[in-house]
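Participant: The structure file work09.json (JSON, C-alpha atoms) is provided below.
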```
[["chain", "number", "residue", "atom", "x", "y", "z"],
["Y", 1, "MET", "CA", -0.37, 4.64, 45.76],
["Y", 2, "ASP", "CA", 1.34, 2.55, 48.43],
["Y", 3, "ASN", "CA", 0.30, 4.25, 51.69],
["Y", 4, "LEU", "CA", -1.67, 7.26, 52.95],
["Y", 5, "ILE", "CA", 0.00, 8.89, 55.95],
["Y", 6, "ASP", "CA", -0.58, 12.63, 55.30],
["Y", 7, "ILE", "CA", -3.24, 14.38, 53.17],
["Y", 8, "LEU", "CA", -0.38, 15.94, 51.17],
["Y", 9, "ASP", "CA", 0.56, 12.42, 50.01],
["Y", 10, "LEU", "CA", -2.34, 12.93, 47.60],
["Y", 11, "SER", "CA", -2.17, 15.30, 44.63],
["Y", 12, "VAL", "CA", -5.13, 17.54, 43.81],
["Y", 13, "GLU", "CA", -5.83, 15.23, 40.86],
["Y", 14, "GLU", "CA", -5.89, 12.17, 43.13],
["Y", 15, "ILE", "CA", -8.25, 13.90, 45.59],
["Y", 16, "ASP", "CA", -10.57, 14.86, 42.73],
["Y", 17, "GLU", "CA", -10.46, 11.27, 41.45],
["Y", 18, "LEU", "CA", -11.33, 9.86, 44.91],
["Y", 19, "VAL", "CA", -14.20, 12.32, 45.30],
["Y", 20, "GLU", "CA", -15.63, 11.36, 41.91],
["Y", 21, "LYS", "CA", -15.28, 7.66, 42.74],
["Y", 22, "ALA", "CA", -17.06, 8.18, 46.08],
["Y", 23, "LYS", "CA", -19.90, 10.00, 44.31],
["Y", 24, "ASP", "CA", -20.23, 7.09, 41.87],
["Y", 25, "ILE", "CA", -20.39, 4.66, 44.81],
["Y", 26, "ILE", "CA", -23.16, 6.79, 46.38],
["Y", 27, "ASN", "CA", -25.12, 6.71, 43.11],
["Y", 28, "ASN", "CA", -24.40, 3.07, 42.14],
["Y", 29, "PRO", "CA", -23.86, 1.07, 45.37],
["Y", 30, "ASP", "CA", -24.77, -2.29, 43.81],
["Y", 31, "ALA", "CA", -21.92, -2.01, 41.30],
["Y", 32, "TYR", "CA", -19.39, -2.07, 44.16],
["Y", 33, "ARG", "CA", -20.77, -4.80, 46.43],
["Y", 34, "GLU", "CA", -18.31, -7.50, 45.28],
["Y", 35, "LYS", "CA", -15.30, -5.33, 44.40],
["Y", 36, "CYS", "CA", -13.25, -6.47, 47.42],
["Y", 37, "ARG", "CA", -14.47, -10.06, 47.59],
["Y", 38, "TYR", "CA", -11.94, -12.22, 49.50],
["Y", 39, "LYS", "CA", -9.90, -9.12, 50.48],
["Y", 40, "LYS", "CA", -9.21, -8.40, 54.15],
["Y", 41, "LEU", "CA", -8.89, -5.04, 55.92],
["Y", 42, "ALA", "CA", -7.08, -5.05, 59.29],
["Y", 43, "THR", "CA", -8.21, -2.25, 61.61],
["Y", 44, "LEU", "CA", -5.40, -1.75, 64.12],
["Y", 45, "PHE", "CA", -6.75, 0.78, 66.61],
["Y", 46, "PHE", "CA", -4.35, 1.33, 69.50],
["Y", 47, "GLU", "CA", -6.70, 3.93, 71.01],
["Y", 48, "PRO", "CA", -10.51, 4.26, 71.14],
["Y", 49, "SER", "CA", -12.54, 5.39, 68.14],
["Y", 50, "THR", "CA", -16.20, 5.23, 67.17],
["Y", 51, "ARG", "CA", -16.71, 6.88, 63.78],
["Y", 52, "THR", "CA", -13.36, 6.21, 62.14],
["Y", 53, "ARG", "CA", -13.11, 2.52, 63.02],
["Y", 54, "LEU", "CA", -16.74, 1.69, 62.24],
["Y", 55, "SER", "CA", -16.56, 3.75, 59.05],
["Y", 56, "PHE", "CA", -13.56, 1.76, 57.79],
["Y", 57, "GLU", "CA", -15.16, -1.53, 58.76],
["Y", 58, "SER", "CA", -18.52, -0.76, 57.15],
["Y", 59, "ALA", "CA", -16.68, 0.52, 54.03],
["Y", 60, "MET", "CA", -14.87, -2.80, 53.59],
["Y", 61, "LEU", "CA", -17.99, -4.85, 54.32],
["Y", 62, "ASP", "CA", -19.98, -2.83, 51.76],
["Y", 63, "LEU", "CA", -17.27, -3.66, 49.20],
["Y", 64, "GLY", "CA", -17.77, -7.37, 49.90],
["Y", 65, "GLY", "CA", -14.54, -7.80, 51.86],
["Y", 66, "TYR", "CA", -13.70, -8.96, 55.37],
["Y", 67, "VAL", "CA", -12.45, -7.17, 58.48],
["Y", 68, "ILE", "CA", -10.03, -8.34, 61.17],
["Y", 69, "GLY", "CA", -8.23, -6.38, 63.87],
["Y", 70, "PHE", "CA", -8.56, -4.90, 67.35],
["Y", 71, "SER", "CA", -10.07, -1.78, 68.94],
["Y", 72, "GLY", "CA", -7.58, -1.10, 71.73],
["Y", 73, "ALA", "CA", -3.91, -1.69, 72.56],
["Y", 74, "ASN", "CA", -4.96, -3.91, 75.49],
["Y", 75, "ASN", "CA", -6.56, -6.29, 72.98],
["Y", 76, "SER", "CA", -3.29, -6.81, 71.12],
["Y", 77, "SER", "CA", 0.26, -7.98, 71.82],
["Y", 78, "ALA", "CA", 1.20, -4.31, 72.25],
["Y", 79, "ALA", "CA", 0.09, -4.93, 75.84],
["Y", 80, "LYS", "CA", 3.00, -7.39, 76.09],
["Y", 81, "GLY", "CA", 5.43, -4.85, 74.68],
["Y", 82, "GLU", "CA", 5.44, -5.85, 71.01],
["Y", 83, "SER", "CA", 6.71, -3.10, 68.69],
["Y", 84, "VAL", "CA", 4.54, -1.48, 66.01],
["Y", 85, "ALA", "CA", 6.95, -2.81, 63.38],
["Y", 86, "ASP", "CA", 6.53, -6.42, 64.55],
["Y", 87, "THR", "CA", 2.76, -6.06, 64.91],
["Y", 88, "VAL", "CA", 2.29, -4.87, 61.33],
["Y", 89, "ARG", "CA", 4.76, -7.41, 59.95],
["Y", 90, "THR", "CA", 2.56, -10.08, 61.52],
["Y", 91, "VAL", "CA", -0.72, -8.55, 60.36],
["Y", 92, "GLY", "CA", 0.73, -8.19, 56.86],
["Y", 93, "CYS", "CA", 0.75, -11.99, 56.68],
["Y", 94, "TYR", "CA", -3.04, -12.08, 57.22],
["Y", 95, "ALA", "CA", -4.54, -9.00, 55.56],
["Y", 96, "ASP", "CA", -4.40, -7.06, 52.28],
["Y", 97, "ILE", "CA", -4.57, -3.52, 53.72],
["Y", 98, "ILE", "CA", -4.27, -1.88, 57.16],
["Y", 99, "ALA", "CA", -6.09, 1.08, 58.71],
["Y", 100, "MET", "CA", -4.19, 2.15, 61.82],
["Y", 101, "ARG", "CA", -4.83, 4.61, 64.63],
["Y", 102, "HIS", "CA", -2.13, 5.20, 67.23],
["Y", 103, "PRO", "CA", -1.61, 7.76, 70.03],
["Y", 104, "LYS", "CA", 2.04, 8.31, 69.02],
["Y", 105, "GLU", "CA", 2.70, 10.71, 66.17],
["Y", 106, "GLY", "CA", 4.58, 8.97, 63.36],
["Y", 107, "ALA", "CA", 3.54, 5.42, 64.30],
["Y", 108, "PRO", "CA", 1.59, 4.82, 61.03],
["Y", 109, "LEU", "CA", 4.62, 6.05, 59.06],
["Y", 110, "VAL", "CA", 6.80, 3.48, 60.89],
["Y", 111, "ALA", "CA", 4.13, 0.85, 60.19],
["Y", 112, "SER", "CA", 4.15, 1.66, 56.47],
["Y", 113, "MET", "CA", 7.89, 0.88, 56.34],
["Y", 114, "HIS", "CA", 7.41, -2.63, 57.71],
["Y", 115, "ALA", "CA", 3.93, -3.91, 56.83],
["Y", 116, "GLY", "CA", 4.52, -5.10, 53.27],
["Y", 117, "ILE", "CA", 0.90, -4.10, 52.47],
["Y", 118, "PRO", "CA", -0.74, -0.66, 52.12],
["Y", 119, "VAL", "CA", -1.19, 1.32, 55.37],
["Y", 120, "ILE", "CA", -3.79, 4.05, 55.89],
["Y", 121, "ASN", "CA", -3.21, 6.47, 58.77],
["Y", 122, "ALA", "CA", -6.51, 6.60, 60.70],
["Y", 123, "GLY", "CA", -5.12, 9.23, 63.10],
["Y", 124, "ASP", "CA", -1.76, 9.52, 64.88],
["Y", 125, "GLY", "CA", -1.87, 11.62, 68.04],
["Y", 126, "GLY", "CA", -2.32, 15.31, 67.25],
["Y", 127, "HIS", "CA", -0.51, 14.92, 63.95],
["Y", 128, "ASN", "CA", -2.49, 13.68, 60.94],
["Y", 129, "HIS", "CA", -5.93, 12.32, 60.17],
["Y", 130, "PRO", "CA", -6.02, 12.24, 56.35],
["Y", 131, "THR", "CA", -9.24, 10.24, 55.94],
["Y", 132, "GLN", "CA", -11.11, 12.79, 58.09],
["Y", 133, "THR", "CA", -9.83, 15.44, 55.70],
["Y", 134, "LEU", "CA", -11.00, 13.37, 52.72],
["Y", 135, "THR", "CA", -14.39, 13.09, 54.46],
["Y", 136, "ASP", "CA", -14.45, 16.87, 54.89],
["Y", 137, "LEU", "CA", -13.52, 17.38, 51.24],
["Y", 138, "LEU", "CA", -16.26, 15.05, 49.98],
["Y", 139, "THR", "CA", -18.76, 16.85, 52.24],
["Y", 140, "ILE", "CA", -17.74, 20.25, 50.85],
["Y", 141, "ASN", "CA", -18.00, 18.96, 47.28],
["Y", 142, "MET", "CA", -21.37, 17.28, 47.84],
["Y", 143, "GLU", "CA", -22.85, 20.32, 49.59],
["Y", 144, "LYS", "CA", -21.29, 23.06, 47.42],
["Y", 145, "GLY", "CA", -20.59, 21.29, 44.14],
["Y", 146, "ARG", "CA", -17.06, 22.71, 43.99],
["Y", 147, "PHE", "CA", -13.75, 23.21, 45.82],
["Y", 148, "THR", "CA", -13.09, 26.74, 44.55],
["Y", 149, "ASP", "CA", -14.23, 30.29, 45.29],
["Y", 150, "MET", "CA", -15.58, 30.16, 48.84],
["Y", 151, "THR", "CA", -15.03, 31.56, 52.30],
["Y", 152, "ILE", "CA", -14.38, 28.94, 54.98],
["Y", 153, "GLY", "CA", -14.72, 29.80, 58.66],
["Y", 154, "LEU", "CA", -12.96, 27.57, 61.19],
["Y", 155, "CYS", "CA", -14.11, 28.04, 64.77],
["Y", 156, "GLY", "CA", -12.97, 26.84, 68.19],
["Y", 157, "ASP", "CA", -9.67, 25.15, 68.99],
["Y", 158, "LEU", "CA", -7.49, 26.09, 66.03],
["Y", 159, "LYS", "CA", -4.21, 25.61, 67.90],
["Y", 160, "PHE", "CA", -4.41, 21.88, 68.61],
["Y", 161, "GLY", "CA", -7.07, 20.75, 66.10],
["Y", 162, "ARG", "CA", -5.44, 18.31, 63.67],
["Y", 163, "THR", "CA", -8.56, 18.23, 61.47],
["Y", 164, "VAL", "CA", -8.38, 22.03, 61.09],
["Y", 165, "HIS", "CA", -4.72, 22.01, 60.10],
["Y", 166, "SER", "CA", -5.20, 19.23, 57.55],
["Y", 167, "LEU", "CA", -8.24, 20.89, 55.99],
["Y", 168, "ILE", "CA", -6.28, 24.15, 55.59],
["Y", 169, "GLU", "CA", -3.44, 22.18, 53.94],
["Y", 170, "ALA", "CA", -5.84, 20.55, 51.49],
["Y", 171, "MET", "CA", -8.03, 23.56, 50.62],
["Y", 172, "SER", "CA", -5.01, 25.85, 50.21],
["Y", 173, "ARG", "CA", -4.37, 24.14, 46.89],
["Y", 174, "TYR", "CA", -7.64, 25.30, 45.31],
["Y", 175, "ALA", "CA", -8.34, 28.67, 43.67],
["Y", 176, "GLY", "CA", -10.39, 31.46, 45.20],
["Y", 177, "ILE", "CA", -10.33, 30.17, 48.79],
["Y", 178, "ARG", "CA", -10.46, 32.59, 51.72],
["Y", 179, "PHE", "CA", -10.29, 31.64, 55.40],
["Y", 180, "VAL", "CA", -11.73, 33.23, 58.54],
["Y", 181, "PHE", "CA", -10.24, 31.91, 61.80],
["Y", 182, "ILE", "CA", -12.54, 32.31, 64.82],
["Y", 183, "SER", "CA", -11.02, 31.43, 68.18],
["Y", 184, "PRO", "CA", -9.94, 32.66, 71.60],
["Y", 185, "LYS", "CA", -6.47, 34.21, 71.47],
["Y", 186, "GLU", "CA", -5.24, 31.25, 73.56],
["Y", 187, "LEU", "CA", -6.27, 28.82, 70.80],
["Y", 188, "LYS", "CA", -5.44, 30.74, 67.64],
["Y", 189, "LEU", "CA", -3.96, 29.03, 64.59],
["Y", 190, "PRO", "CA", -0.21, 28.28, 64.99],
["Y", 191, "SER", "CA", 2.06, 30.63, 63.06],
["Y", 192, "TYR", "CA", 3.71, 27.75, 61.17],
["Y", 193, "VAL", "CA", 0.34, 26.82, 59.61],
["Y", 194, "VAL", "CA", -0.22, 30.45, 58.63],
["Y", 195, "ASP", "CA", 3.28, 30.76, 57.14],
["Y", 196, "ASP", "CA", 3.48, 27.36, 55.42],
["Y", 197, "TYR", "CA", 0.07, 27.31, 53.76],
["Y", 198, "LEU", "CA", -1.46, 30.79, 53.70],
["Y", 199, "VAL", "CA", 1.34, 33.32, 53.42],
["Y", 200, "LYS", "CA", 3.35, 31.03, 51.15],
["Y", 201, "ASN", "CA", 0.40, 30.62, 48.75],
["Y", 202, "ASN", "CA", -0.92, 34.21, 49.04],
["Y", 203, "ILE", "CA", -4.24, 33.00, 50.44],
["Y", 204, "PRO", "CA", -6.34, 35.72, 52.09],
["Y", 205, "TYR", "CA", -7.34, 35.16, 55.71],
["Y", 206, "GLU", "CA", -8.51, 37.03, 58.77],
["Y", 207, "GLU", "CA", -8.48, 36.22, 62.48],
["Y", 208, "THR", "CA", -11.23, 37.17, 64.92],
["Y", 209, "THR", "CA", -12.50, 36.25, 68.36],
["Y", 210, "ASP", "CA", -16.11, 37.05, 67.41],
["Y", 211, "LEU", "CA", -18.22, 34.29, 65.84],
["Y", 212, "MET", "CA", -21.28, 36.50, 65.29],
["Y", 213, "SER", "CA", -19.42, 39.10, 63.24],
["Y", 214, "ALA", "CA", -17.89, 36.39, 61.03],
["Y", 215, "LEU", "CA", -21.04, 34.35, 60.36],
["Y", 216, "PRO", "CA", -22.74, 36.48, 57.65],
["Y", 217, "GLY", "CA", -19.77, 36.20, 55.26],
["Y", 218, "LEU", "CA", -19.23, 32.44, 55.40],
["Y", 219, "ASP", "CA", -19.99, 29.70, 52.86],
["Y", 220, "ILE", "CA", -18.78, 27.01, 55.28],
["Y", 221, "LEU", "CA", -18.51, 27.01, 59.07],
["Y", 222, "TYR", "CA", -16.28, 24.24, 60.47],
["Y", 223, "MET", "CA", -16.83, 23.94, 64.22],
["Y", 224, "THR", "CA", -14.47, 22.30, 66.73],
["Y", 225, "ARG", "CA", -14.45, 21.85, 70.50],
["Y", 226, "VAL", "CA", -12.99, 24.42, 72.88],
["Y", 227, "GLN", "CA", -11.57, 22.11, 75.56],
["Y", 228, "ARG", "CA", -11.17, 23.14, 79.19],
["Y", 229, "GLU", "CA", -7.74, 21.51, 79.48],
["Y", 230, "ARG", "CA", -6.27, 23.82, 76.81],
["Y", 231, "PHE", "CA", -6.55, 26.89, 79.10],
["Y", 232, "PHE", "CA", -4.04, 28.09, 81.66],
["Y", 233, "ASN", "CA", -6.78, 29.12, 84.07],
["Y", 234, "GLU", "CA", -10.41, 28.28, 84.74],
["Y", 235, "GLU", "CA", -11.54, 31.93, 84.61],
["Y", 236, "ASP", "CA", -10.50, 32.33, 80.97],
["Y", 237, "TYR", "CA", -12.27, 29.11, 80.03],
["Y", 238, "ILE", "CA", -15.53, 30.10, 81.75],
["Y", 239, "ARG", "CA", -15.35, 33.57, 80.20],
["Y", 240, "LEU", "CA", -14.92, 32.26, 76.67],
["Y", 241, "LYS", "CA", -16.57, 28.85, 76.40],
["Y", 242, "ASP", "CA", -20.10, 30.04, 75.53],
["Y", 243, "SER", "CA", -18.83, 32.44, 72.84],
["Y", 244, "TYR", "CA", -18.20, 29.47, 70.59],
["Y", 245, "ILE", "CA", -21.48, 27.58, 71.00],
["Y", 246, "LEU", "CA", -23.47, 27.65, 67.76],
["Y", 247, "THR", "CA", -27.24, 27.97, 68.28],
["Y", 248, "ARG", "CA", -30.19, 28.31, 65.93],
["Y", 249, "GLU", "CA", -30.55, 31.92, 67.11],
["Y", 250, "LYS", "CA", -26.96, 32.75, 66.10],
["Y", 251, "LEU", "CA", -27.56, 31.11, 62.70],
["Y", 252, "SER", "CA", -30.25, 33.70, 61.98],
["Y", 253, "VAL", "CA", -27.53, 36.09, 60.72],
["Y", 254, "ALA", "CA", -25.89, 33.45, 58.47],
["Y", 255, "ARG", "CA", -26.49, 32.82, 54.79],
["Y", 256, "PRO", "CA", -29.34, 30.46, 53.87],
["Y", 257, "ASP", "CA", -26.87, 28.29, 51.95],
["Y", 258, "LEU", "CA", -24.25, 28.09, 54.73],
["Y", 259, "THR", "CA", -22.88, 24.58, 55.37],
["Y", 260, "VAL", "CA", -22.15, 23.77, 59.04],
["Y", 261, "MET", "CA", -19.55, 21.02, 59.55],
["Y", 262, "HIS", "CA", -17.97, 19.35, 62.58],
["Y", 263, "PRO", "CA", -15.55, 16.38, 62.73],
["Y", 264, "LEU", "CA", -17.41, 15.02, 65.81],
["Y", 265, "PRO", "CA", -17.67, 14.04, 68.60],
["Y", 266, "ARG", "CA", -19.30, 17.23, 69.79],
["Y", 267, "VAL", "CA", -19.82, 18.11, 73.43],
["Y", 268, "ASN", "CA", -21.88, 21.32, 73.54],
["Y", 269, "GLU", "CA", -20.30, 23.54, 70.87],
["Y", 270, "ILE", "CA", -23.26, 23.02, 68.52],
["Y", 271, "SER", "CA", -26.63, 23.18, 70.22],
["Y", 272, "VAL", "CA", -29.00, 20.30, 69.40],
["Y", 273, "ASP", "CA", -31.50, 22.88, 68.13],
["Y", 274, "VAL", "CA", -29.23, 23.28, 65.08],
["Y", 275, "ASP", "CA", -29.50, 19.58, 64.13],
["Y", 276, "ASP", "CA", -32.78, 20.03, 62.23],
["Y", 277, "ASP", "CA", -31.57, 23.10, 60.36],
["Y", 278, "ASP", "CA", -31.04, 22.43, 56.63],
["Y", 279, "ARG", "CA", -27.58, 23.98, 56.94],
["Y", 280, "ALA", "CA", -26.36, 21.34, 59.42],
["Y", 281, "ALA", "CA", -24.18, 18.85, 57.52],
["Y", 282, "TYR", "CA", -22.24, 17.13, 60.32],
["Y", 283, "PHE", "CA", -24.23, 13.89, 60.34],
["Y", 284, "LYS", "CA", -24.16, 13.81, 56.53],
["Y", 285, "GLN", "CA", -20.40, 14.22, 56.98],
["Y", 286, "VAL", "CA", -20.33, 10.95, 58.95],
["Y", 287, "ARG", "CA", -22.17, 9.16, 56.14],
["Y", 288, "TYR", "CA", -19.87, 10.60, 53.45],
["Y", 289, "GLY", "CA", -16.90, 9.27, 55.44],
["Y", 290, "LYS", "CA", -17.83, 5.69, 54.61],
["Y", 291, "PHE", "CA", -18.04, 6.37, 50.86],
["Y", 292, "ILE", "CA", -14.71, 8.20, 50.61],
["Y", 293, "ARG", "CA", -13.04, 5.35, 52.55],
["Y", 294, "MET", "CA", -14.57, 2.86, 50.12],
["Y", 295, "ALA", "CA", -13.05, 4.83, 47.24],
["Y", 296, "LEU", "CA", -9.69, 4.98, 49.04],
["Y", 297, "ILE", "CA", -9.60, 1.23, 49.76],
["Y", 298, "LEU", "CA", -10.30, 0.49, 46.09],
["Y", 299, "LYS", "CA", -7.56, 2.89, 44.97],
["Y", 300, "MET", "CA", -4.98, 1.49, 47.38],
["Y", 301, "LEU", "CA", -5.74, -2.10, 46.41],
["Y", 302, "GLY", "CA", -5.56, -1.19, 42.73],
["Y", 303, "ILE", "CA", -9.14, -2.31, 42.06],
["Y", 304, "GLU", "CA", -11.00, -0.56, 39.23]]
```
Show me this structure written as structure tokens.

Facilitator:
Amino acid sequence: MDNLIDILDLSVEEIDELVEKAKDIINNPDAYREKCRYKKLATLFFEPSTRTRLSFESAMLDLGGYVIGFSGANNSSAAKGESVADTVRTVGCYADIIAMRHPKEGAPLVASMHAGIPVINAGDGGHNHPTQTLTDLLTINMEKGRFTDMTIGLCGDLKFGRTVHSLIEAMSRYAGIRFVFISPKELKLPSYVVDDYLVKNNIPYEETTDLMSALPGLDILYMTRVQRERFFNEEDYIRLKDSYILTREKLSVARPDLTVMHPLPRVNEISVDVDDDDRAAYFKQVRYGKFIRMALILKMLGIE
């Protein structure tokens, strides 16, 4: 594959292959330590990031490669007005592969047309974040042992959450999947996501504003932030914000084998008293992100 801009750039077979490769890396890390020797990854991050940037960098270092790049637009010639196309043309002279985050939707796609080397979209505005989705998919597979026959609850900001939309896109291609969407009416899933992925593929789903009523039926609970700035008025925000805070007490009605996920960073939507619960997988999710990015780098560089 040349570039990864959208999770749908990958077939189900390619996702399964990446997941199996990541699992092999987890089980046999020493076998991969020199796989990218003398290869360079350029991390071009035009906006701040903690997990994604460090995950890419540690992935390349664990493969024996090198990392160059910048962690903010002010640290690059973008501050002087250089175009994305010219930046990646230049970086393509120095590196073998690019991971790029940009606040403008579509910027990584533009970059992929000019770089001359593979480009991975590490997040473009509210649009796509395919390696977060791959991280989510590896987490699901590691925790559940499958991608089929499960009920997935998505809770919080379903209107603007790019990780939620991408995960729905990806999981809609597997058999026996059912979704429960838990959100305030103000932040419900956009109708185009419902039409394009659920209705079109005859995937069962339900919508509710009540987390507690949904919890007992879930195999996976994917939490996201409910952000104050998404509301038209402060009263609605104050009325609703605590409804979507997951606590150990609320988990008492959930299945013992529930998996709780979150793309992070969290603010207060998962109480810290959940962190020690065996069902909490969000910090494992961070760890899995490095391994799936290692598998992706190898695939995109054509390294067996």

Participant: For segment 98-100 of chain Y, find every residue with an atom within 7 Å (counting only C-alpha atoms), except residues of its own chain fewer than 2 positions away, and show them as a list in words.

Facilitator: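 That gives Leu41, Ala42, Thr43, Leu44, Phe45, His102, Pro108, Pro118, Val119, Ile120, Asn121 and Ala122 of chain Y.
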
Participant: Hey, can you spit out that residue selection with C-alpha atoms as a PDB file, keeping the file's coordinate frame?

Facilitator:
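Ended up saving to again_4.pdb:
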```
ATOM      1  CA  LEU Y  41      -8.890  -5.040  55.920  1.00  0.00           C
ATOM      2  CA  ALA Y  42      -7.080  -5.050  59.290  1.00  0.00           C
ATOM      3  CA  THR Y  43      -8.210  -2.250  61.610  1.00  0.00           C
ATOM      4  CA  LEU Y  44      -5.400  -1.750  64.120  1.00  0.00           C
ATOM      5  CA  PHE Y  45      -6.750   0.780  66.610  1.00  0.00           C
ATOM      6  CA  HIS Y 102      -2.130   5.200  67.230  1.00  0.00           C
ATOM      7  CA  PRO Y 108       1.590   4.820  61.030  1.00  0.00           C
ATOM      8  CA  PRO Y 118      -0.740  -0.660  52.120  1.00  0.00           C
ATOM      9  CA  VAL Y 119      -1.190   1.320  55.370  1.00  0.00           C
ATOM     10  CA  ILE Y 120      -3.790   4.050  55.890  1.00  0.00           C
ATOM     11  CA  ASN Y 121      -3.210   6.470  58.770  1.00  0.00           C
ATOM     12  CA  ALA Y 122      -6.510   6.600  60.700  1.00  0.00           C
TER      13      ALA Y 122
END
```

Participant: At what distance in Å, to one decimal, does atom CA of Leu264 of chain Y lie from atom CA of Ile238 of chain Y?

Facilitator: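 So the answer is 22.0 Å.
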
Participant: I'd like to know which of Y:Glu234, Y:Asp257, Y:Asp242, Y:Glu47 is closest to Met150 of chain Y, using all atoms listed in the file.

Facilitator: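 For Met150 of chain Y, the nearest of the candidates is Y:Asp257.
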
Participant: Using only C-alpha atoms, which residue out of Y:Lys299, Y:Arg178, Y:Arg101, Y:Arg146 lies closest to His129 of chain Y?

Facilitator: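 Comparing Y:Lys299, Y:Arg178, Y:Arg101, Y:Arg146 against His129 of chain Y, the winner is Y:Arg101.
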
Participant: Atom CA of Tyr38 of chain Y to atom CA of Phe291 of chain Y: how many Å, to one decimal?

Facilitator: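 These two atoms are separated by 19.6 Å.
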
Participant: Quick one: distance from atom CA of His114 of chain Y to atom CA of Val91 of chain Y in Å, one decimal?

Facilitator: 10.4 Å

Participant: Within 12 Å of Arg266 of chain Y, counting only C-alpha atoms, which residues qualify if same-chain residues fewer than 2 places away don't, as a ChimeraX atom specification?

Facilitator: /Y:156,223-227,245-246,261-264,268-272,275,282-283

Participant: Please determine, counting only C-alpha atoms, which residue among Y:Leu61, Y:Glu82, Y:Phe181, Y:Asn201 has the shortest atom-to-atom distance to Tyr32 of chain Y.

Facilitator: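 The closest residue to Tyr32 of chain Y is Y:Leu61.
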
Participant: Using only C-alpha atoms, which of the listed residues (Y:Cys36, Y:Val194, Y:Met113, Y:Ala85) sits closest to Asp2 of chain Y?

Facilitator: Y:Met113

Participant: If we count only C-alpha atoms and set the cut-off at 8 Å, which residues sit around Leu221 of chain Y, ignoring sequence neighbours fewer than 6 positions away in its own chain? Please answer as number ranges by chain.

Facilitator: Y: 152-155, 215, 258-261

Participant: Go through Y:Leu54, Y:Ile7, Y:Ala214, Y:Ile97 and flag the residue nearest Leu301 of chain Y, using all atoms listed in the file for the distances.

Facilitator: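 Distance minimum relative to Leu301 of chain Y lands on Y:Ile97.
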
Participant: Do a neighbour search on Ala254 of chain Y at 10 Å with all atoms listed in the file, toss out local chain neighbours closer than 6 positions, and write the hits as a PyMOL selection string.

Facilitator: chain Y and resi 212-219+221+279

Participant: Considering all atoms listed in the file, state which residue in the set Y:Tyr205, Y:Asp196, Y:Gly161, Y:Gly116 is at the smallest distance from Ile177 of chain Y.

Facilitator: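 Under the stated criterion, the closest residue is Y:Tyr205.
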